[in-house]
>>> print(open('protein14.cif').read())   # mmCIF, C-alpha atoms
data_upload
#
loop_
_atom_site.label_atom_id
_atom_site.label_comp_id
_atom_site.auth_asym_id
_atom_site.auth_seq_id
_atom_site.Cartn_x
_atom_site.Cartn_y
_atom_site.Cartn_z
CA ALA Y 1 -22.28 -21.12 21.83
CA GLN Y 2 -20.14 -21.31 24.93
CA SER Y 3 -17.27 -23.62 25.78
CA VAL Y 4 -14.26 -23.82 28.03
CA THR Y 5 -10.94 -25.56 27.55
CA GLN Y 6 -8.89 -26.54 30.54
CA LEU Y 7 -5.41 -26.81 29.22
CA ASP Y 8 -4.03 -29.29 31.74
CA SER Y 9 -5.72 -32.48 32.87
CA HIS Y 10 -3.23 -32.89 35.75
CA VAL Y 11 -1.09 -30.40 37.67
CA SER Y 12 1.36 -31.39 40.38
CA VAL Y 13 2.96 -28.92 42.79
CA SER Y 14 4.86 -29.05 46.03
CA GLU Y 15 3.27 -27.71 49.17
CA GLY Y 16 4.06 -24.02 49.58
CA THR Y 17 4.65 -23.38 45.86
CA PRO Y 18 2.33 -21.41 43.54
CA VAL Y 19 -0.60 -22.99 41.75
CA LEU Y 20 -1.66 -22.14 38.20
CA LEU Y 21 -4.64 -23.87 36.59
CA ARG Y 22 -5.31 -22.68 33.06
CA CYS Y 23 -8.65 -22.10 31.40
CA ASN Y 24 -9.60 -20.58 28.05
CA TYR Y 25 -13.17 -19.80 27.15
CA SER Y 26 -15.25 -19.22 24.08
CA SER Y 27 -18.49 -17.32 24.20
CA SER Y 28 -20.67 -15.43 21.77
CA TYR Y 29 -21.84 -13.21 24.62
CA SER Y 30 -20.22 -11.47 27.54
CA PRO Y 31 -19.51 -14.51 29.63
CA SER Y 32 -19.88 -15.24 33.27
CA LEU Y 33 -17.05 -17.48 34.41
CA PHE Y 34 -16.65 -19.66 37.46
CA TRP Y 35 -14.23 -22.02 39.10
CA TYR Y 36 -15.63 -24.96 41.05
CA VAL Y 37 -13.71 -27.44 43.18
CA GLN Y 38 -14.58 -31.05 43.81
CA HIS Y 39 -12.88 -33.02 46.56
CA PRO Y 40 -12.89 -36.83 46.27
CA ASN Y 41 -16.39 -38.29 46.59
CA LYS Y 42 -17.85 -34.88 47.29
CA GLY Y 43 -20.10 -32.42 45.52
CA LEU Y 44 -18.99 -29.27 43.76
CA GLN Y 45 -18.20 -26.09 45.62
CA LEU Y 46 -17.96 -22.65 44.09
CA LEU Y 47 -14.49 -21.13 44.48
CA LEU Y 48 -15.08 -17.83 42.72
CA LYS Y 49 -17.04 -16.15 39.95
CA TYR Y 50 -16.62 -13.40 37.37
CA THR Y 51 -19.75 -11.59 36.23
CA SER Y 52 -18.43 -8.48 34.40
CA ALA Y 53 -17.34 -6.52 37.43
CA ALA Y 54 -13.69 -6.42 38.53
CA THR Y 55 -11.44 -8.50 36.28
CA LEU Y 56 -9.40 -9.83 39.21
CA VAL Y 57 -11.64 -12.01 41.29
CA LYS Y 58 -10.81 -13.29 44.74
CA GLY Y 59 -12.34 -16.49 46.00
CA ILE Y 60 -12.27 -18.77 48.97
CA ASN Y 61 -9.18 -20.49 50.39
CA GLY Y 62 -6.78 -17.95 48.92
CA PHE Y 63 -7.60 -18.62 45.28
CA GLU Y 64 -8.02 -15.89 42.71
CA ALA Y 65 -8.56 -15.65 38.96
CA GLU Y 66 -8.10 -12.93 36.39
CA PHE Y 67 -10.44 -12.39 33.47
CA LYS Y 68 -8.43 -11.45 30.37
CA LYS Y 69 -10.70 -10.70 27.45
CA SER Y 70 -7.86 -10.21 24.99
CA GLU Y 71 -6.56 -13.68 25.75
CA THR Y 72 -10.01 -15.26 26.39
CA SER Y 73 -8.53 -16.69 29.56
CA PHE Y 74 -9.62 -17.11 33.15
CA HIS Y 75 -6.70 -18.82 34.88
CA LEU Y 76 -6.92 -19.82 38.53
CA THR Y 77 -3.98 -19.08 40.83
CA LYS Y 78 -2.94 -19.42 44.42
CA PRO Y 79 0.37 -18.13 45.81
CA SER Y 80 1.08 -21.10 48.07
CA ALA Y 81 -0.43 -24.56 47.76
CA HIS Y 82 -1.66 -26.48 50.75
CA MET Y 83 -2.15 -30.22 51.01
CA SER Y 84 -5.89 -29.67 51.40
CA ASP Y 85 -6.01 -28.05 47.95
CA ALA Y 86 -5.62 -31.44 46.29
CA ALA Y 87 -8.85 -31.89 44.33
CA GLU Y 88 -10.43 -31.61 40.89
CA TYR Y 89 -10.99 -28.09 39.61
CA PHE Y 90 -13.54 -27.14 36.97
CA CYS Y 91 -13.68 -24.00 34.89
CA VAL Y 92 -17.26 -23.13 33.93
CA VAL Y 93 -18.79 -20.64 31.51
CA SER Y 94 -22.27 -19.29 31.11
CA GLY Y 95 -23.35 -16.94 28.35
CA ASN Y 96 -26.67 -15.29 27.74
CA THR Y 97 -28.50 -17.99 29.67
CA ASP Y 98 -27.70 -19.35 33.08
CA LYS Y 99 -26.82 -22.76 31.62
CA LEU Y 100 -23.42 -23.76 33.03
CA ILE Y 101 -20.95 -25.42 30.67
CA PHE Y 102 -18.17 -27.30 32.43
CA GLY Y 103 -14.63 -27.88 31.32
CA THR Y 104 -13.09 -31.33 31.53
CA GLY Y 105 -11.42 -30.61 34.84
CA THR Y 106 -7.85 -30.35 36.16
CA ARG Y 107 -6.71 -32.69 38.87
CA LEU Y 108 -4.38 -30.90 41.27
CA GLN Y 109 -1.91 -32.98 43.26
CA VAL Y 110 0.03 -31.41 46.10
CA PHE Y 111 3.18 -33.12 47.33
CA PRO Y 112 4.69 -32.54 50.78
CA ASP B 1 -27.61 -23.55 56.37
CA ALA B 2 -29.35 -23.71 52.98
CA ARG B 3 -28.29 -26.59 50.79
CA VAL B 4 -29.44 -28.75 47.89
CA THR B 5 -30.51 -32.17 49.10
CA GLN B 6 -30.36 -35.24 46.91
CA THR B 7 -31.75 -38.66 47.66
CA PRO B 8 -30.71 -41.40 47.64
CA ARG B 9 -26.98 -40.85 48.02
CA HIS B 10 -26.25 -44.30 46.64
CA LYS B 11 -28.33 -46.65 44.52
CA VAL B 12 -27.49 -50.09 43.17
CA THR B 13 -30.04 -51.58 40.84
CA GLU B 14 -30.36 -54.30 38.27
CA MET B 15 -30.47 -53.59 34.58
CA GLY B 16 -34.02 -52.98 33.41
CA GLN B 17 -35.27 -51.56 36.69
CA GLU B 18 -36.70 -48.07 37.10
CA VAL B 19 -34.59 -45.59 39.03
CA THR B 20 -35.87 -42.34 40.51
CA MET B 21 -33.53 -39.71 41.88
CA ARG B 22 -34.85 -36.78 43.86
CA CYS B 23 -33.61 -33.29 44.50
CA GLN B 24 -34.79 -30.62 46.89
CA PRO B 25 -33.47 -27.27 45.67
CA ILE B 26 -32.65 -24.39 47.96
CA LEU B 27 -35.84 -22.61 48.96
CA GLY B 28 -36.45 -19.65 46.67
CA HIS B 29 -34.13 -20.76 43.90
CA ASN B 30 -35.90 -20.73 40.56
CA THR B 31 -33.46 -22.69 38.40
CA VAL B 32 -32.65 -26.38 38.78
CA PHE B 33 -30.00 -28.34 36.86
CA TRP B 34 -29.34 -32.06 36.47
CA TYR B 35 -25.79 -33.12 35.63
CA ARG B 36 -24.22 -36.52 35.14
CA GLN B 37 -20.58 -37.15 35.94
CA THR B 38 -18.56 -40.07 34.58
CA MET B 39 -14.84 -40.64 34.21
CA MET B 40 -15.11 -40.77 30.44
CA GLN B 41 -17.46 -37.86 29.77
CA GLY B 42 -16.87 -35.60 32.75
CA LEU B 43 -19.80 -33.39 33.78
CA GLU B 44 -22.66 -33.37 31.29
CA LEU B 45 -25.75 -31.21 31.54
CA LEU B 46 -28.79 -33.42 31.21
CA ALA B 47 -31.60 -30.93 31.76
CA TYR B 48 -32.50 -27.70 33.45
CA PHE B 49 -35.64 -25.96 34.59
CA ARG B 50 -36.59 -22.41 35.39
CA ASN B 51 -39.69 -21.73 37.42
CA ARG B 52 -40.46 -25.46 37.07
CA ALA B 53 -40.59 -25.31 33.26
CA PRO B 54 -38.04 -27.34 31.30
CA LEU B 55 -35.71 -25.03 29.37
CA ASP B 56 -33.28 -27.49 27.89
CA ASP B 57 -33.21 -31.26 28.05
CA SER B 58 -31.18 -31.81 24.91
CA GLY B 59 -28.46 -33.60 26.87
CA MET B 60 -30.81 -36.28 28.09
CA PRO B 61 -31.50 -39.57 26.28
CA LYS B 62 -35.22 -39.14 25.67
CA ASP B 63 -36.08 -42.78 25.26
CA ARG B 64 -35.28 -43.72 28.84
CA PHE B 65 -34.73 -40.55 30.86
CA SER B 66 -37.31 -38.10 32.09
CA ALA B 67 -37.01 -35.07 34.34
CA GLU B 68 -39.82 -33.24 36.08
CA MET B 69 -40.53 -30.69 38.76
CA PRO B 70 -43.84 -31.63 40.37
CA ASP B 71 -43.53 -28.56 42.58
CA ALA B 72 -40.99 -25.88 43.45
CA THR B 73 -39.47 -27.98 46.23
CA LEU B 74 -38.91 -31.19 44.29
CA ALA B 75 -37.13 -32.17 41.09
CA THR B 76 -37.00 -35.76 39.89
CA LEU B 77 -34.88 -37.62 37.37
CA LYS B 78 -36.14 -41.02 36.25
CA ILE B 79 -34.47 -43.70 34.22
CA GLN B 80 -36.64 -46.49 32.85
CA PRO B 81 -35.33 -48.99 31.97
CA SER B 82 -31.88 -48.54 33.47
CA GLU B 83 -28.77 -49.86 31.73
CA PRO B 84 -25.21 -50.45 32.94
CA ARG B 85 -23.99 -47.45 30.91
CA ASP B 86 -26.17 -45.23 33.10
CA SER B 87 -23.83 -45.90 36.03
CA ALA B 88 -22.56 -42.48 37.10
CA VAL B 89 -22.90 -39.80 39.74
CA TYR B 90 -25.93 -37.59 39.14
CA PHE B 91 -25.79 -34.08 40.53
CA CYS B 92 -28.59 -31.64 41.05
CA ALA B 93 -27.90 -27.93 41.41
CA SER B 94 -30.09 -24.91 42.02
CA SER B 95 -29.57 -21.21 41.51
CA LEU B 96 -31.16 -17.80 41.67
CA GLY B 97 -29.06 -15.87 39.20
CA PHE B 98 -25.59 -17.01 38.17
CA GLU B 99 -24.24 -18.91 41.15
CA ALA B 100 -25.28 -22.56 41.25
CA PHE B 101 -25.21 -24.64 44.41
CA PHE B 102 -24.70 -28.37 44.01
CA GLY B 103 -26.01 -31.28 45.98
CA GLN B 104 -23.82 -34.15 47.12
CA GLY B 105 -24.93 -36.32 44.23
CA THR B 106 -26.52 -39.72 43.77
CA ARG B 107 -24.07 -42.47 42.90
CA LEU B 108 -25.93 -44.89 40.65
CA THR B 109 -24.64 -48.35 39.85
CA VAL B 110 -26.57 -50.48 37.38
CA VAL B 111 -25.51 -54.13 37.35
#
>>> encode(input="protein14.cif", output="structure tokens")
Amino acid sequence: AQSVTQLDSHVSVSEGTPVLLRCNYSSSYSPSLFWYVQHPNKGLQLLLKYTSAATLVKGINGFEAEFKKSETSFHLTKPSAHMSDAAEYFCVVSGNTDKLIFGTGTRLQVFP
Amino acid sequence: DARVTQTPRHKVTEMGQEVTMRCQPILGHNTVFWYRQTMMQGLELLAYFRNRAPLDDSGMPKDRFSAEMPDATLATLKIQPSEPRDSAVYFCASSLGFEAFFGQGTRLTVV
């Protein structure tokens, strides 16, 4: 079975400071891992994905995530937050099927 | 610009009425997902199809919900009869491989 745990339901940062959104996964198989972003009243957009290639994955809008098997983590980072980054972020896992299992989400607030 | 199209975008209906939500997946994608999003439960997988065959609908209340793919360009999610607790945003997504593309969702309100 697959699952993800997003460790923070809310994260607040100041504009220009680093962002860290934490995600731990559980999977019986070599997982594929994703981060999706959802802006208010919008659909979900893929930020980045890990599918057993390079462990450091770069995505859109300056985001990146590192797959750490020893820690079963896939944390999302960005060096400098922008006001437009304020949104809900979902960590997602898929195992031996392509069924996507979503975490509960982390709401990112960015203050000026 | 390929995208997943969902209709309607918004639906308000009275309790007991039938609701049908439609999804046009990206042409060529062979996997279609239906998710429901609520404040309390977050994003829940209701059902998914590959090559039009249902693979998993264990997340869907069977007594009132049904999901079908009449053809490769159309997926439907029906609720009959609808109840206020069905109020949510319903997302369709399609994929060919691991990356899923989501539609804008149907916001359903059952009064």
>>> resolve_selection(input="protein14.cif", expression="the PyMOL selection byres ((chain Y) within 12 of (chain B))", output="ChimeraX atom specification")
/Y:9,31-52,88-106
>>> write_last_selection(input="protein14.cif", atoms="C-alpha atoms", output="short mmCIF file (atom, residue, chain, number, x, y, z; two decimals), in the frame of the given file")
data_model
loop_
_atom_site.label_atom_id
_atom_site.label_comp_id
_atom_site.auth_asym_id
_atom_site.auth_seq_id
_atom_site.Cartn_x
_atom_site.Cartn_y
_atom_site.Cartn_z
CA SER Y 9 -5.72 -32.48 32.87
CA PRO Y 31 -19.51 -14.51 29.63
CA SER Y 32 -19.88 -15.24 33.27
CA LEU Y 33 -17.05 -17.48 34.41
CA PHE Y 34 -16.65 -19.66 37.46
CA TRP Y 35 -14.23 -22.02 39.10
CA TYR Y 36 -15.63 -24.96 41.05
CA VAL Y 37 -13.71 -27.44 43.18
CA GLN Y 38 -14.58 -31.05 43.81
CA HIS Y 39 -12.88 -33.02 46.56
CA PRO Y 40 -12.89 -36.83 46.27
CA ASN Y 41 -16.39 -38.29 46.59
CA LYS Y 42 -17.85 -34.88 47.29
CA GLY Y 43 -20.10 -32.42 45.52
CA LEU Y 44 -18.99 -29.27 43.76
CA GLN Y 45 -18.20 -26.09 45.62
CA LEU Y 46 -17.96 -22.65 44.09
CA LEU Y 47 -14.49 -21.13 44.48
CA LEU Y 48 -15.08 -17.83 42.72
CA LYS Y 49 -17.04 -16.15 39.95
CA TYR Y 50 -16.62 -13.40 37.37
CA THR Y 51 -19.75 -11.59 36.23
CA SER Y 52 -18.43 -8.48 34.40
CA GLU Y 88 -10.43 -31.61 40.89
CA TYR Y 89 -10.99 -28.09 39.61
CA PHE Y 90 -13.54 -27.14 36.97
CA CYS Y 91 -13.68 -24.00 34.89
CA VAL Y 92 -17.26 -23.13 33.93
CA VAL Y 93 -18.79 -20.64 31.51
CA SER Y 94 -22.27 -19.29 31.11
CA GLY Y 95 -23.35 -16.94 28.35
CA ASN Y 96 -26.67 -15.29 27.74
CA THR Y 97 -28.50 -17.99 29.67
CA ASP Y 98 -27.70 -19.35 33.08
CA LYS Y 99 -26.82 -22.76 31.62
CA LEU Y 100 -23.42 -23.76 33.03
CA ILE Y 101 -20.95 -25.42 30.67
CA PHE Y 102 -18.17 -27.30 32.43
CA GLY Y 103 -14.63 -27.88 31.32
CA THR Y 104 -13.09 -31.33 31.53
CA GLY Y 105 -11.42 -30.61 34.84
CA THR Y 106 -7.85 -30.35 36.16
#
>>> resolve_selection(input="protein14.cif", expression="the PyMOL selection byres ((chain B and resi 66-80) around 10)", output="PyMOL selection string")
chain B and resi 5-7+15-34+46-54+57+60-65+81-83+86+90+92
>>> atom_distance(input="protein14.cif", atom1="CA of Val19 in chain Y", atom2="CA of Gly62 in chain Y")
10.7 Å
>>> atom_distance(input="protein14.cif", atom1="CA of Arg3 in chain B", atom2="CA of Gln37 in chain B")
19.8 Å
>>> atom_distance(input="protein14.cif", atom1="CA of Phe111 in chain Y", atom2="CA of Lys58 in chain Y")
24.4 Å
>>> build_atoms(input="protein14.cif", residues="range 51-76 of chain B", atoms="N, CA, C and O atoms", output="mmCIF file, keeping the file's coordinate frame")
data_model
loop_
_atom_site.group_PDB
_atom_site.id
_atom_site.type_symbol
_atom_site.label_atom_id
_atom_site.label_comp_id
_atom_site.auth_asym_id
_atom_site.auth_seq_id
_atom_site.Cartn_x
_atom_site.Cartn_y
_atom_site.Cartn_z
ATOM 1 N N ASN B 51 -38.315 -21.865 36.960
ATOM 2 C CA ASN B 51 -39.690 -21.730 37.420
ATOM 3 C C ASN B 51 -40.515 -22.975 37.081
ATOM 4 O O ASN B 51 -41.672 -22.883 36.645
ATOM 5 N N ARG B 52 -39.865 -24.138 37.240
ATOM 6 C CA ARG B 52 -40.460 -25.460 37.070
ATOM 7 C C ARG B 52 -40.678 -25.862 35.622
ATOM 8 O O ARG B 52 -41.078 -26.995 35.350
ATOM 9 N N ALA B 53 -40.412 -24.959 34.683
ATOM 10 C CA ALA B 53 -40.590 -25.310 33.260
ATOM 11 C C ALA B 53 -39.270 -25.781 32.683
ATOM 12 O O ALA B 53 -38.232 -25.154 32.912
ATOM 13 N N PRO B 54 -39.287 -26.865 31.913
ATOM 14 C CA PRO B 54 -38.040 -27.340 31.300
ATOM 15 C C PRO B 54 -37.552 -26.365 30.237
ATOM 16 O O PRO B 54 -38.314 -25.983 29.347
ATOM 17 N N LEU B 55 -36.281 -25.942 30.345
ATOM 18 C CA LEU B 55 -35.710 -25.030 29.370
ATOM 19 C C LEU B 55 -34.853 -25.753 28.345
ATOM 20 O O LEU B 55 -34.783 -25.342 27.192
ATOM 21 N N ASP B 56 -34.190 -26.789 28.791
ATOM 22 C CA ASP B 56 -33.280 -27.490 27.890
ATOM 23 C C ASP B 56 -33.080 -28.897 28.432
ATOM 24 O O ASP B 56 -32.603 -29.058 29.541
ATOM 25 N N ASP B 57 -33.492 -29.862 27.674
ATOM 26 C CA ASP B 57 -33.210 -31.260 28.050
ATOM 27 C C ASP B 57 -32.517 -31.978 26.899
ATOM 28 O O ASP B 57 -32.622 -33.186 26.749
ATOM 29 N N SER B 58 -31.809 -31.220 26.098
ATOM 30 C CA SER B 58 -31.180 -31.810 24.910
ATOM 31 C C SER B 58 -30.053 -32.778 25.265
ATOM 32 O O SER B 58 -29.675 -33.608 24.454
ATOM 33 N N GLY B 59 -29.532 -32.702 26.478
ATOM 34 C CA GLY B 59 -28.460 -33.600 26.870
ATOM 35 C C GLY B 59 -28.949 -34.927 27.423
ATOM 36 O O GLY B 59 -28.132 -35.768 27.802
ATOM 37 N N MET B 60 -30.226 -35.107 27.444
ATOM 38 C CA MET B 60 -30.810 -36.280 28.090
ATOM 39 C C MET B 60 -31.317 -37.269 27.049
ATOM 40 O O MET B 60 -32.037 -36.871 26.130
ATOM 41 N N PRO B 61 -30.936 -38.550 27.193
ATOM 42 C CA PRO B 61 -31.500 -39.570 26.280
ATOM 43 C C PRO B 61 -33.007 -39.667 26.493
ATOM 44 O O PRO B 61 -33.473 -40.070 27.555
ATOM 45 N N LYS B 62 -33.770 -39.277 25.491
ATOM 46 C CA LYS B 62 -35.220 -39.140 25.670
ATOM 47 C C LYS B 62 -35.936 -40.474 25.801
ATOM 48 O O LYS B 62 -37.041 -40.523 26.368
ATOM 49 N N ASP B 63 -35.349 -41.518 25.269
ATOM 50 C CA ASP B 63 -36.080 -42.780 25.260
ATOM 51 C C ASP B 63 -36.194 -43.398 26.640
ATOM 52 O O ASP B 63 -37.133 -44.140 26.926
ATOM 53 N N ARG B 64 -35.259 -43.067 27.536
ATOM 54 C CA ARG B 64 -35.280 -43.720 28.840
ATOM 55 C C ARG B 64 -35.240 -42.747 30.012
ATOM 56 O O ARG B 64 -35.508 -43.141 31.137
ATOM 57 N N PHE B 65 -34.866 -41.534 29.779
ATOM 58 C CA PHE B 65 -34.730 -40.550 30.860
ATOM 59 C C PHE B 65 -35.902 -39.575 30.820
ATOM 60 O O PHE B 65 -36.367 -39.182 29.744
ATOM 61 N N SER B 66 -36.323 -39.175 32.005
ATOM 62 C CA SER B 66 -37.310 -38.100 32.090
ATOM 63 C C SER B 66 -37.025 -37.277 33.338
ATOM 64 O O SER B 66 -36.612 -37.811 34.359
ATOM 65 N N ALA B 67 -37.231 -35.983 33.226
ATOM 66 C CA ALA B 67 -37.010 -35.070 34.340
ATOM 67 C C ALA B 67 -38.252 -34.216 34.523
ATOM 68 O O ALA B 67 -38.847 -33.766 33.539
ATOM 69 N N GLU B 68 -38.617 -34.020 35.785
ATOM 70 C CA GLU B 68 -39.820 -33.240 36.080
ATOM 71 C C GLU B 68 -39.611 -32.424 37.339
ATOM 72 O O GLU B 68 -38.721 -32.710 38.144
ATOM 73 N N MET B 69 -40.464 -31.424 37.492
ATOM 74 C CA MET B 69 -40.530 -30.690 38.760
ATOM 75 C C MET B 69 -41.990 -30.635 39.174
ATOM 76 O O MET B 69 -42.721 -29.709 38.774
ATOM 77 N N PRO B 70 -42.434 -31.602 39.957
ATOM 78 C CA PRO B 70 -43.840 -31.630 40.370
ATOM 79 C C PRO B 70 -44.240 -30.374 41.158
ATOM 80 O O PRO B 70 -45.386 -29.934 41.069
ATOM 81 N N ASP B 71 -43.298 -29.831 41.917
ATOM 82 C CA ASP B 71 -43.530 -28.560 42.580
ATOM 83 C C ASP B 71 -42.190 -27.874 42.786
ATOM 84 O O ASP B 71 -41.147 -28.415 42.447
ATOM 85 N N ALA B 72 -42.216 -26.692 43.346
ATOM 86 C CA ALA B 72 -40.990 -25.880 43.450
ATOM 87 C C ALA B 72 -39.982 -26.457 44.416
ATOM 88 O O ALA B 72 -38.827 -26.029 44.431
ATOM 89 N N THR B 73 -40.387 -27.416 45.234
ATOM 90 C CA THR B 73 -39.470 -27.980 46.230
ATOM 91 C C THR B 73 -38.956 -29.355 45.845
ATOM 92 O O THR B 73 -38.232 -29.981 46.613
ATOM 93 N N LEU B 74 -39.312 -29.836 44.661
ATOM 94 C CA LEU B 74 -38.910 -31.190 44.290
ATOM 95 C C LEU B 74 -38.642 -31.282 42.796
ATOM 96 O O LEU B 74 -39.463 -30.881 41.972
ATOM 97 N N ALA B 75 -37.465 -31.832 42.471
ATOM 98 C CA ALA B 75 -37.130 -32.170 41.090
ATOM 99 C C ALA B 75 -36.820 -33.650 41.052
ATOM 100 O O ALA B 75 -36.199 -34.177 41.980
ATOM 101 N N THR B 76 -37.266 -34.331 40.002
ATOM 102 C CA THR B 76 -37.000 -35.760 39.890
ATOM 103 C C THR B 76 -36.353 -36.075 38.552
ATOM 104 O O THR B 76 -36.613 -35.408 37.545
#
